[in-house]
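Participant: Contents of model_2.cif (mmCIF, C-alpha atoms) are given next:
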data_entry
loop_
_atom_site.label_atom_id
_atom_site.label_comp_id
_atom_site.auth_asym_id
_atom_site.auth_seq_id
_atom_site.Cartn_x
_atom_site.Cartn_y
_atom_site.Cartn_z
CA MET J 1 4.42 98.45 -93.10
CA PHE J 2 3.67 95.67 -90.63
CA PRO J 3 5.03 92.39 -92.06
CA SER J 4 2.63 89.68 -93.19
CA ALA J 5 4.91 87.00 -91.74
CA LEU J 6 8.05 86.76 -89.67
CA PRO J 7 11.38 86.28 -91.48
CA VAL J 8 12.80 82.80 -91.89
CA PRO J 9 16.02 82.07 -89.95
CA ARG J 10 19.10 81.93 -92.16
CA ASN J 11 21.57 79.09 -91.76
CA PRO J 12 24.67 78.31 -93.80
CA GLU J 13 24.32 75.52 -96.34
CA PRO J 14 25.61 72.25 -94.81
CA GLN J 15 28.13 71.79 -97.61
CA ALA J 16 29.63 75.18 -96.74
CA VAL J 17 30.37 74.10 -93.15
CA PRO J 18 33.68 72.23 -92.93
CA VAL J 19 34.13 69.60 -90.24
CA LEU J 20 36.74 70.96 -87.83
CA ARG J 21 38.73 69.13 -85.17
CA TRP J 22 37.94 70.74 -81.82
CA GLY J 23 39.78 70.81 -78.52
CA ILE J 24 38.34 72.07 -75.23
CA ILE J 25 40.22 73.83 -72.44
CA GLY J 26 38.25 73.62 -69.20
CA PRO J 27 36.01 70.52 -68.90
CA GLY J 28 33.34 72.14 -66.73
CA TRP J 29 29.59 72.79 -66.80
CA ILE J 30 29.32 74.86 -69.98
CA ALA J 31 31.86 72.63 -71.76
CA ALA J 32 29.61 69.65 -71.08
CA HIS J 33 26.63 71.43 -72.68
CA PHE J 34 28.85 72.41 -75.62
CA ALA J 35 30.13 68.85 -76.10
CA LYS J 36 26.60 67.44 -75.96
CA ALA J 37 25.36 70.00 -78.52
CA LEU J 38 28.20 69.22 -80.93
CA LYS J 39 27.79 65.46 -80.57
CA GLU J 40 24.03 65.46 -81.04
CA ASN J 41 23.40 68.38 -83.40
CA SER J 42 26.42 68.86 -85.65
CA ALA J 43 29.08 67.05 -87.65
CA GLN J 44 31.92 68.83 -85.80
CA LYS J 45 34.54 66.54 -84.21
CA LEU J 46 35.72 66.71 -80.61
CA VAL J 47 39.25 65.31 -80.57
CA ALA J 48 40.91 66.60 -77.38
CA VAL J 49 40.28 68.10 -73.95
CA ALA J 50 42.69 69.68 -71.47
CA GLY J 51 42.13 70.31 -67.77
CA ARG J 52 44.14 70.70 -64.58
CA ASN J 53 42.27 67.89 -62.80
CA ALA J 54 43.35 64.66 -64.52
CA GLY J 55 40.49 62.56 -63.14
CA LYS J 56 37.82 65.10 -64.06
CA THR J 57 39.32 65.54 -67.53
CA ARG J 58 39.45 61.79 -68.14
CA ALA J 59 35.84 61.37 -67.02
CA PHE J 60 34.77 64.21 -69.32
CA ALA J 61 36.59 62.60 -72.25
CA ASP J 62 35.06 59.21 -71.53
CA LYS J 63 31.53 60.64 -71.34
CA TRP J 64 31.80 62.44 -74.66
CA ALA J 65 34.04 59.93 -76.48
CA ILE J 66 36.94 62.36 -76.86
CA PRO J 67 40.09 60.41 -77.81
CA HIS J 68 42.84 62.65 -76.39
CA THR J 69 43.17 64.09 -72.88
CA PHE J 70 45.85 66.39 -71.51
CA SER J 71 46.73 67.78 -68.09
CA SER J 72 48.03 71.01 -69.62
CA ALA J 73 46.89 73.23 -72.44
CA ASP J 74 50.44 73.39 -73.83
CA GLU J 75 50.42 69.67 -74.54
CA MET J 76 47.06 69.82 -76.30
CA LEU J 77 48.02 72.90 -78.33
CA ALA J 78 51.06 71.04 -79.67
CA MET J 79 48.73 68.68 -81.56
CA ASN J 80 48.91 69.09 -85.32
CA ALA J 81 45.54 67.39 -85.78
CA LEU J 82 43.69 70.21 -84.01
CA ASP J 83 41.96 73.08 -85.82
CA VAL J 84 40.11 75.06 -83.19
CA VAL J 85 40.10 75.45 -79.41
CA TYR J 86 37.01 76.22 -77.33
CA ILE J 87 37.92 78.11 -74.14
CA ALA J 88 35.51 77.16 -71.35
CA THR J 89 37.57 78.10 -68.28
CA PRO J 90 36.45 80.62 -65.59
CA HIS J 91 36.04 84.24 -66.70
CA ASN J 92 39.41 85.43 -65.45
CA HIS J 93 41.16 82.73 -67.50
CA HIS J 94 39.54 83.56 -70.83
CA PHE J 95 42.20 86.09 -71.80
CA PRO J 96 45.35 84.13 -70.90
CA ASP J 97 43.97 80.83 -72.20
CA GLY J 98 42.70 82.44 -75.40
CA ARG J 99 45.98 84.22 -76.01
CA GLN J 100 47.90 80.98 -75.46
CA ALA J 101 45.77 79.15 -78.02
CA LEU J 102 46.09 81.97 -80.54
CA ARG J 103 49.86 82.01 -80.14
CA ALA J 104 49.83 78.31 -80.94
CA GLY J 105 48.24 79.19 -84.29
CA LYS J 106 44.82 77.72 -83.51
CA HIS J 107 41.45 79.22 -84.30
CA VAL J 108 39.79 80.12 -80.99
CA LEU J 109 36.20 80.26 -79.77
CA ILE J 110 36.13 81.91 -76.32
CA GLU J 111 33.16 81.47 -74.01
CA LYS J 112 31.51 84.77 -73.12
CA PRO J 113 32.74 87.19 -71.97
CA LEU J 114 35.61 87.39 -74.45
CA ALA J 115 37.81 88.90 -71.72
CA LEU J 116 37.55 90.84 -68.47
CA ASN J 117 37.83 94.22 -70.17
CA ALA J 118 38.22 95.91 -73.54
CA GLN J 119 42.01 96.17 -73.23
CA GLU J 120 42.34 92.40 -72.91
CA GLY J 121 39.85 91.96 -75.74
CA ALA J 122 41.87 94.26 -78.00
CA GLU J 123 45.01 92.24 -77.26
CA LEU J 124 43.22 89.06 -78.33
CA GLN J 125 42.07 90.79 -81.51
CA ALA J 126 45.61 91.93 -82.29
CA GLU J 127 47.03 88.45 -81.61
CA ALA J 128 44.47 86.80 -83.90
CA GLN J 129 45.30 89.28 -86.66
CA ARG J 130 49.03 88.59 -86.26
CA ARG J 131 48.48 84.84 -86.51
CA GLY J 132 45.94 85.05 -89.32
CA VAL J 133 43.36 82.96 -87.43
CA LEU J 134 39.74 83.37 -86.39
CA CYS J 135 38.90 84.49 -82.86
CA MET J 136 35.24 84.76 -81.82
CA GLU J 137 33.28 85.26 -78.62
CA ALA J 138 30.83 82.45 -77.87
CA MET J 139 27.86 84.72 -77.14
CA TRP J 140 25.64 81.78 -78.00
CA CYS J 141 22.34 83.67 -78.25
CA ASP J 142 23.62 85.72 -81.20
CA PHE J 143 23.77 82.60 -83.37
CA THR J 144 20.34 81.14 -82.56
CA PRO J 145 17.41 81.24 -85.02
CA LYS J 146 15.48 83.61 -82.73
CA TYR J 147 18.20 86.24 -82.76
CA ASP J 148 18.57 85.97 -86.54
CA VAL J 149 14.84 86.67 -86.94
CA LEU J 150 15.18 89.65 -84.57
CA ARG J 151 18.11 91.04 -86.56
CA GLN J 152 16.13 90.74 -89.79
CA LEU J 153 13.15 92.57 -88.29
CA LEU J 154 15.42 95.37 -87.08
CA ALA J 155 17.25 95.60 -90.42
CA ASP J 156 13.95 95.67 -92.32
CA GLY J 157 12.69 98.56 -90.17
CA ALA J 158 9.62 96.62 -89.06
CA LEU J 159 9.54 98.51 -85.75
CA GLY J 160 10.12 101.97 -87.19
CA ASP J 161 12.35 104.35 -85.26
CA LEU J 162 13.55 102.63 -82.09
CA HIS J 163 13.04 104.49 -78.84
CA THR J 164 13.28 102.08 -75.92
CA LEU J 165 14.89 98.78 -74.95
CA ILE J 166 13.99 97.33 -71.55
CA ALA J 167 15.65 94.12 -70.39
CA ASP J 168 16.39 92.38 -67.12
CA HIS J 169 18.27 89.30 -66.02
CA GLY J 170 18.32 88.25 -62.38
CA GLU J 171 18.93 84.89 -60.78
CA PHE J 172 19.10 83.67 -57.20
CA PHE J 173 22.42 82.12 -56.17
CA THR J 174 23.38 80.49 -52.88
CA PRO J 175 26.33 82.09 -51.04
CA ASP J 176 28.68 79.22 -51.93
CA HIS J 177 28.28 79.78 -55.68
CA ARG J 178 31.36 80.90 -57.64
CA ILE J 179 29.51 84.08 -58.64
CA PHE J 180 30.23 85.41 -55.13
CA ASN J 181 33.96 84.64 -55.44
CA ALA J 182 36.08 87.74 -56.08
CA ASP J 183 39.01 85.52 -57.12
CA LEU J 184 36.90 84.32 -60.09
CA ALA J 185 35.76 87.80 -61.25
CA GLY J 186 32.45 87.30 -59.46
CA GLY J 187 29.31 89.41 -59.50
CA PRO J 188 26.46 89.44 -62.02
CA MET J 189 28.18 91.61 -64.64
CA LEU J 190 30.08 88.95 -66.59
CA ASP J 191 27.62 86.08 -66.12
CA LEU J 192 24.28 87.87 -66.46
CA GLY J 193 24.94 91.49 -67.38
CA SER J 194 26.94 90.53 -70.46
CA TYR J 195 23.73 89.28 -72.09
CA LEU J 196 22.01 92.59 -71.37
CA LEU J 197 24.82 94.80 -72.66
CA ALA J 198 25.43 92.66 -75.73
CA PHE J 199 21.71 92.80 -76.55
CA SER J 200 21.70 96.58 -76.10
CA VAL J 201 24.72 97.00 -78.39
CA MET J 202 23.08 94.77 -81.02
CA VAL J 203 19.71 96.53 -80.98
CA GLY J 204 21.21 100.00 -80.61
CA GLY J 205 23.59 99.47 -83.51
CA GLY J 206 26.76 99.95 -81.48
CA ALA J 207 28.14 101.29 -78.23
CA PRO J 208 26.03 103.82 -76.30
CA ALA J 209 26.92 107.51 -76.28
CA HIS J 210 26.04 108.00 -72.61
CA ILE J 211 25.89 105.62 -69.62
CA THR J 212 24.50 106.05 -66.12
CA ALA J 213 24.76 103.17 -63.64
CA CYS J 214 24.08 102.45 -59.98
CA GLY J 215 24.74 99.28 -58.02
CA GLN J 216 24.60 97.42 -54.73
CA PRO J 217 27.44 95.35 -53.23
CA ALA J 218 27.22 91.74 -52.11
CA GLU J 219 29.15 89.67 -49.61
CA GLY J 220 32.55 88.47 -50.73
CA GLY J 221 33.63 91.83 -52.11
CA VAL J 222 31.69 91.58 -55.37
CA ASN J 223 28.89 93.61 -56.92
CA GLY J 224 25.43 92.19 -56.22
CA GLN J 225 23.22 94.04 -58.64
CA ALA J 226 23.38 96.84 -61.17
CA SER J 227 20.91 99.09 -62.96
CA MET J 228 21.98 100.81 -66.15
CA LEU J 229 20.53 103.55 -68.34
CA LEU J 230 22.17 103.77 -71.76
CA GLN J 231 21.52 106.42 -74.38
CA HIS J 232 22.47 105.46 -77.92
CA PRO J 233 23.55 107.84 -80.70
CA SER J 234 20.14 107.34 -82.36
CA GLY J 235 18.44 108.60 -79.20
CA MET J 236 17.22 105.15 -78.15
CA HIS J 237 17.33 104.42 -74.41
CA SER J 238 18.28 101.04 -72.96
CA VAL J 239 17.01 100.39 -69.43
CA LEU J 240 18.83 97.35 -68.05
CA HIS J 241 18.96 95.55 -64.71
CA THR J 242 20.84 92.52 -63.41
CA THR J 243 21.02 90.94 -59.96
CA LEU J 244 22.36 87.81 -58.28
CA PHE J 245 20.05 88.22 -55.27
CA SER J 246 16.72 87.15 -56.83
CA ASN J 247 15.02 85.44 -59.72
CA THR J 248 13.48 88.04 -62.03
CA PRO J 249 11.23 87.61 -65.11
CA GLY J 250 14.13 87.98 -67.55
CA ARG J 251 11.96 89.46 -70.27
CA ALA J 252 12.90 92.15 -72.76
CA VAL J 253 11.03 94.76 -74.80
CA ILE J 254 12.20 96.49 -77.98
CA ALA J 255 9.84 99.43 -78.55
CA GLY J 256 9.68 101.29 -81.85
CA ARG J 257 7.36 103.93 -83.24
CA ASP J 258 5.50 101.47 -85.47
CA ALA J 259 5.73 98.23 -83.52
CA SER J 260 7.19 96.58 -80.45
CA ILE J 261 8.70 93.19 -79.67
CA VAL J 262 8.20 91.52 -76.29
CA LEU J 263 10.57 88.61 -75.66
CA ASP J 264 9.63 85.90 -73.18
CA GLY J 265 12.01 85.35 -70.28
CA GLN J 266 14.79 84.50 -70.35
CA PHE J 267 15.09 86.81 -73.31
CA TYR J 268 18.49 85.54 -74.50
CA ALA J 269 17.56 81.85 -74.46
CA PRO J 270 15.58 79.87 -77.03
CA GLY J 271 11.91 80.75 -76.69
CA GLY J 272 9.13 82.93 -77.99
CA PHE J 273 8.47 86.58 -78.71
CA VAL J 274 5.57 88.67 -80.01
CA LEU J 275 5.76 91.45 -82.58
CA THR J 276 2.80 93.84 -82.13
CA SER J 277 1.86 96.88 -84.19
CA SER J 278 1.46 100.22 -82.46
CA GLN J 279 -1.87 100.67 -84.28
CA GLY J 280 -4.35 98.22 -85.74
CA ASN J 281 -3.91 95.39 -83.22
CA LYS J 282 -1.75 93.30 -85.54
CA SER J 283 0.60 90.73 -84.06
CA LEU J 284 2.88 87.87 -85.02
CA ARG J 285 4.38 85.33 -82.62
CA TRP J 286 7.67 83.50 -82.92
CA GLU J 287 7.77 80.07 -81.32
CA GLU J 288 10.62 77.61 -81.07
CA PRO J 289 11.35 74.56 -78.95
CA GLN J 290 12.73 75.19 -75.48
CA ASN J 291 15.74 73.02 -76.24
CA ARG J 292 18.05 75.48 -74.47
CA TYR J 293 21.72 74.49 -74.70
CA ALA J 294 21.23 72.20 -77.69
CA GLN J 295 21.40 75.47 -79.60
CA LEU J 296 25.07 75.87 -78.70
CA SER J 297 25.62 73.93 -81.91
CA TYR J 298 24.70 77.03 -83.94
CA GLU J 299 27.71 78.99 -82.72
CA ALA J 300 30.03 76.07 -83.50
CA GLU J 301 28.64 75.62 -87.01
CA HIS J 302 28.81 79.37 -87.67
CA PHE J 303 32.42 79.35 -86.48
CA ALA J 304 33.25 76.47 -88.80
CA TRP J 305 31.54 78.27 -91.68
CA CYS J 306 33.67 81.37 -91.00
CA VAL J 307 36.82 79.23 -91.08
CA GLY J 308 35.67 77.66 -94.34
CA GLN J 309 35.18 81.15 -95.79
CA GLY J 310 38.65 82.24 -94.67
CA LEU J 311 37.22 84.93 -92.39
CA GLN J 312 39.15 86.34 -89.44
CA THR J 313 36.10 87.85 -87.78
CA SER J 314 32.46 86.79 -87.64
CA PRO J 315 29.84 88.75 -89.60
CA VAL J 316 27.33 87.88 -86.87
CA ARG J 317 29.43 88.71 -83.82
CA SER J 318 32.57 90.50 -84.86
CA LEU J 319 35.39 91.13 -82.43
CA GLN J 320 34.61 94.83 -82.84
CA THR J 321 31.10 94.19 -81.51
CA SER J 322 32.54 92.22 -78.59
CA LEU J 323 34.92 95.09 -77.84
CA GLN J 324 32.03 97.57 -77.89
CA THR J 325 30.23 95.40 -75.35
CA LEU J 326 33.33 95.18 -73.15
CA SER J 327 33.92 98.94 -73.40
CA THR J 328 30.35 99.58 -72.29
CA MET J 329 30.82 97.17 -69.40
CA ASP J 330 34.11 98.86 -68.47
CA GLU J 331 32.32 102.21 -68.09
CA VAL J 332 29.52 100.66 -66.02
CA ARG J 333 32.13 99.05 -63.76
CA ARG J 334 34.06 102.32 -63.49
CA GLN J 335 30.94 104.10 -62.27
CA LEU J 336 30.18 101.32 -59.79
CA GLY J 337 33.77 100.92 -58.60
CA ILE J 338 33.95 97.28 -59.73
CA VAL J 339 37.59 96.24 -60.14
CA PHE J 340 38.44 92.59 -60.73
CA ASN J 341 41.37 91.17 -58.79
CA GLU J 342 43.43 90.67 -61.95
CA GLU J 343 43.10 94.39 -62.70
CA ARG J 344 44.38 95.60 -59.33
#
Spell out the structure here as structure tokens.
Facilitator:
Amino acid sequence: MFPSALPVPRNPEPQAVPVLRWGIIGPGWIAAHFAKALKENSAQKLVAVAGRNAGKTRAFADKWAIPHTFSSADEMLAMNALDVVYIATPHNHHFPDGRQALRAGKHVLIEKPLALNAQEGAELQAEAQRRGVLCMEAMWCDFTPKYDVLRQLLADGALGDLHTLIADHGEFFTPDHRIFNADLAGGPMLDLGSYLLAFSVMVGGGAPAHITACGQPAEGGVNGQASMLLQHPSGMHSVLHTTLFSNTPGRAVIAGRDASIVLDGQFYAPGGFVLTSSQGNKSLRWEEPQNRYAQLSYEAEHFAWCVGQGLQTSPVRSLQTSLQTLSTMDEVRRQLGIVFNEER
């Protein structure tokens, strides 16, 4: 049955979200968006920041009124008045920085991707379990109202049997961008492709049963674009494409027997989508403000809620789901011959 209205996004009750004391490792671009979102859209407290560049770290702290700055993560992690650490360093530092914070007994939110590969991700999972703390991947789109509505539609069977997922994410980057730097695990896979594969794993209900991939190299010894065909155990196909050579529409389609969803580009970001029936010309549209990175606050509040509930994995984005995404990415990279420098 086609729904009469779209589901309402579910958010934890404010009284169930404890106010945590946050530290940041890596005061860069995404950390600035995260700090702004927490300051303006949540009650969470930023109390410390650590970075290798003292001047940059001090300027970051001054801008966001963060009282404590450190030139090393070790110094910050020694703070008793620190509950959780947000890892916002380059991709190839997520694993060592996350492991360091976990070993210090802190809860850890790691910017996506969780790690470079599933083996590193599994080590983080094991370390979190040993320490009895929460570790979560900051795949920010998973925690937004739009994605919650999508999950409810899928769980309710509004689309019927799923057959096809089509999604793309391409952006143009100048040659001096870090995405071309092999020393920083460059290429589109971790920056752009992670959204595609995570979306596929979410919609498909887990890791695919079969993967076929082809790619094209770029200057600097990194992959430039990749096309992926995934077949899921249910029979659903995911047709995915990512590139760092060009701007692409960034839309996505989830096609079921009874209805389809078309997500505006960029599909993972705040924005609209349309649910349309396969017969009868019925449709419903989801609209939300294009407030982009302000919605980073949702992942922080969900994380705090998990801590308040005593959880060691998120019911929205579990570490197992993150590992399924990394395992899928590992197989794509194996087929394309993509090996990060740290893995050599």
Participant: I need the residue set behind the PyMOL selection byres ((chain J and resi 141) around 8) for this file; please write it as a PyMOL selection string.
Facilitator: chain J and resi 139-140+142-144+147+268-270
Participant: What lies within 10 Å of Gly186 of chain J using all atoms listed in the file, ignoring chain neighbours under 4 positions off, as a list of chain:residue names?
Facilitator: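 Using all atoms listed in the file, the neighbours found are J:Pro90, J:His91, J:Asn92, J:His177, J:Arg178, J:Ile179, J:Phe180, J:Asn181, J:Ala182, J:Leu190, J:Asp191, J:Gly220, J:Gly221, J:Val222, J:Asn223, J:Gly224, J:Phe340, J:Asn341.
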Participant: For Val274 of chain J, work out the shell of residues within 12 Å, counting only C-alpha atoms and skipping chain neighbours fewer than 3 positions away, then give it as a PDB file with C-alpha atoms, in the coordinates of the input.
Facilitator:
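Heads up, here's the output in selection.pdb:
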ATOM      1  CA  ALA J   5       4.910  87.000 -91.740  1.00  0.00           C
ATOM      2  CA  LEU J   6       8.050  86.760 -89.670  1.00  0.00           C
ATOM      3  CA  LYS J 146      15.480  83.610 -82.730  1.00  0.00           C
ATOM      4  CA  VAL J 149      14.840  86.670 -86.940  1.00  0.00           C
ATOM      5  CA  LEU J 150      15.180  89.650 -84.570  1.00  0.00           C
ATOM      6  CA  LEU J 153      13.150  92.570 -88.290  1.00  0.00           C
ATOM      7  CA  ARG J 251      11.960  89.460 -70.270  1.00  0.00           C
ATOM      8  CA  ALA J 252      12.900  92.150 -72.760  1.00  0.00           C
ATOM      9  CA  VAL J 253      11.030  94.760 -74.800  1.00  0.00           C
ATOM     10  CA  ILE J 254      12.200  96.490 -77.980  1.00  0.00           C
ATOM     11  CA  ALA J 255       9.840  99.430 -78.550  1.00  0.00           C
ATOM     12  CA  ALA J 259       5.730  98.230 -83.520  1.00  0.00           C
ATOM     13  CA  SER J 260       7.190  96.580 -80.450  1.00  0.00           C
ATOM     14  CA  ILE J 261       8.700  93.190 -79.670  1.00  0.00           C
ATOM     15  CA  VAL J 262       8.200  91.520 -76.290  1.00  0.00           C
ATOM     16  CA  LEU J 263      10.570  88.610 -75.660  1.00  0.00           C
ATOM     17  CA  ASP J 264       9.630  85.900 -73.180  1.00  0.00           C
ATOM     18  CA  PHE J 267      15.090  86.810 -73.310  1.00  0.00           C
ATOM     19  CA  GLY J 271      11.910  80.750 -76.690  1.00  0.00           C
ATOM     20  CA  SER J 277       1.860  96.880 -84.190  1.00  0.00           C
ATOM     21  CA  LYS J 282      -1.750  93.300 -85.540  1.00  0.00           C
ATOM     22  CA  SER J 283       0.600  90.730 -84.060  1.00  0.00           C
ATOM     23  CA  LEU J 284       2.880  87.870 -85.020  1.00  0.00           C
ATOM     24  CA  ARG J 285       4.380  85.330 -82.620  1.00  0.00           C
ATOM     25  CA  TRP J 286       7.670  83.500 -82.920  1.00  0.00           C
ATOM     26  CA  GLU J 287       7.770  80.070 -81.320  1.00  0.00           C
TER      27      GLU J 287
END
Participant: What is the distance between atom CA of Ala118 of chain J and atom CA of Thr325 of chain J, in Å to one decimal?
Facilitator: 8.2 Å
Participant: Which residue gives the smallest distance to Leu196 of chain J among J:Pro208, J:Gly235, J:Gly105, J:Gly250, with only C-alpha atoms counted?
Facilitator: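 Ranking J:Pro208, J:Gly235, J:Gly105, J:Gly250 by distance to Leu196 of chain J, first place goes to J:Gly250.
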Participant: At what distance in Å, to one decimal, does atom CA of Val316 of chain J lie from atom CA of Ser42 of chain J?
Facilitator: 19.1 Å
Participant: Skipping near chain neighbours, those fewer than 4 positions away, what residues fall within 10 Å of Gly256 of chain J using all atoms listed in the file, listed as a PyMOL selection string?
Facilitator: chain J and resi 154+157-165+236+260-261+277-278
Participant: To one decimal in Å, tell me the separation between atom CA of Pro27 of chain J and atom CA of Gln309 of chain J.
Facilitator: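 Pair atom CA of Pro27 of chain J / atom CA of Gln309 of chain J returns 28.9 Å.
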Participant: Between J:Leu102, J:Leu114, J:Met228, J:Ala304, which one has atoms that come closest to Arg21 of chain J, using all atoms listed in the file?
Facilitator: J:Ala304
Participant: Counting only C-alpha atoms, which residue out of J:Ala207, J:Lys106, J:Arg344, J:Glu111 sits closest to Ala78 of chain J?
Facilitator: J:Lys106
Participant: Can you translate the PyMOL selection byres ((chain J and resi 302) around 10) into the concrete residues it hits in this file, as a list in words?
Facilitator: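 This file, filtered by the PyMOL selection byres ((chain J and resi 302) around 10), leaves Asn11, Pro12, Val17, Phe143, Ser297, Tyr298, Glu299, Ala300, Glu301, Phe303, Ala304, Trp305, Cys306, Val307, Gly308, Ser314, Pro315 and Val316 of chain J.
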Participant: Would you mind writing segment 9-29 of chain J with N, CA and C atoms, as a compact mmCIF listing (two decimals), keeping the file's coordinate frame?
Facilitator:
# COMPACT_ATOMS: atom_id res chain seq x y z
N PRO J 9 14.62 82.08 -90.39
CA PRO J 9 16.02 82.07 -89.95
C PRO J 9 16.95 81.63 -91.07
N ARG J 10 18.12 82.25 -91.12
CA ARG J 10 19.10 81.93 -92.16
C ARG J 10 20.21 81.08 -91.55
N ASN J 11 20.49 79.97 -92.19
CA ASN J 11 21.57 79.09 -91.76
C ASN J 11 22.48 78.81 -92.94
N PRO J 12 23.78 78.64 -92.68
CA PRO J 12 24.67 78.31 -93.80
C PRO J 12 24.32 76.95 -94.39
N GLU J 13 24.54 76.81 -95.69
CA GLU J 13 24.32 75.52 -96.34
C GLU J 13 25.27 74.48 -95.74
N PRO J 14 24.77 73.28 -95.45
CA PRO J 14 25.61 72.25 -94.81
C PRO J 14 26.93 72.00 -95.54
N GLN J 15 26.90 72.05 -96.86
CA GLN J 15 28.13 71.79 -97.61
C GLN J 15 29.15 72.90 -97.46
N ALA J 16 28.71 74.06 -96.95
CA ALA J 16 29.63 75.18 -96.74
C ALA J 16 30.23 75.19 -95.34
N VAL J 17 29.88 74.18 -94.53
CA VAL J 17 30.37 74.10 -93.15
C VAL J 17 31.39 72.98 -93.05
N PRO J 18 32.68 73.30 -93.03
CA PRO J 18 33.68 72.23 -92.93
C PRO J 18 33.64 71.56 -91.55
N VAL J 19 34.04 70.32 -91.51
CA VAL J 19 34.13 69.60 -90.24
C VAL J 19 35.50 69.89 -89.63
N LEU J 20 35.49 70.59 -88.50
CA LEU J 20 36.74 70.96 -87.83
C LEU J 20 37.02 70.00 -86.68
N ARG J 21 38.29 69.95 -86.31
CA ARG J 21 38.73 69.13 -85.17
C ARG J 21 38.89 70.06 -83.98
N TRP J 22 38.05 69.83 -82.95
CA TRP J 22 37.94 70.74 -81.82
C TRP J 22 38.65 70.19 -80.58
N GLY J 23 39.27 71.11 -79.85
CA GLY J 23 39.78 70.81 -78.52
C GLY J 23 39.10 71.74 -77.53
N ILE J 24 38.97 71.29 -76.29
CA ILE J 24 38.34 72.07 -75.23
C ILE J 24 39.35 72.29 -74.12
N ILE J 25 39.46 73.53 -73.66
CA ILE J 25 40.22 73.83 -72.44
C ILE J 25 39.22 74.19 -71.35
N GLY J 26 39.17 73.37 -70.30
CA GLY J 26 38.25 73.62 -69.20
C GLY J 26 37.03 72.74 -69.25
N PRO J 27 37.13 71.46 -68.81
CA PRO J 27 36.01 70.52 -68.90
C PRO J 27 34.99 70.70 -67.78
N GLY J 28 34.32 71.85 -67.77
CA GLY J 28 33.34 72.14 -66.73
C GLY J 28 31.91 72.08 -67.23
N TRP J 29 31.04 72.84 -66.57
CA TRP J 29 29.59 72.79 -66.80
C TRP J 29 29.23 73.22 -68.21
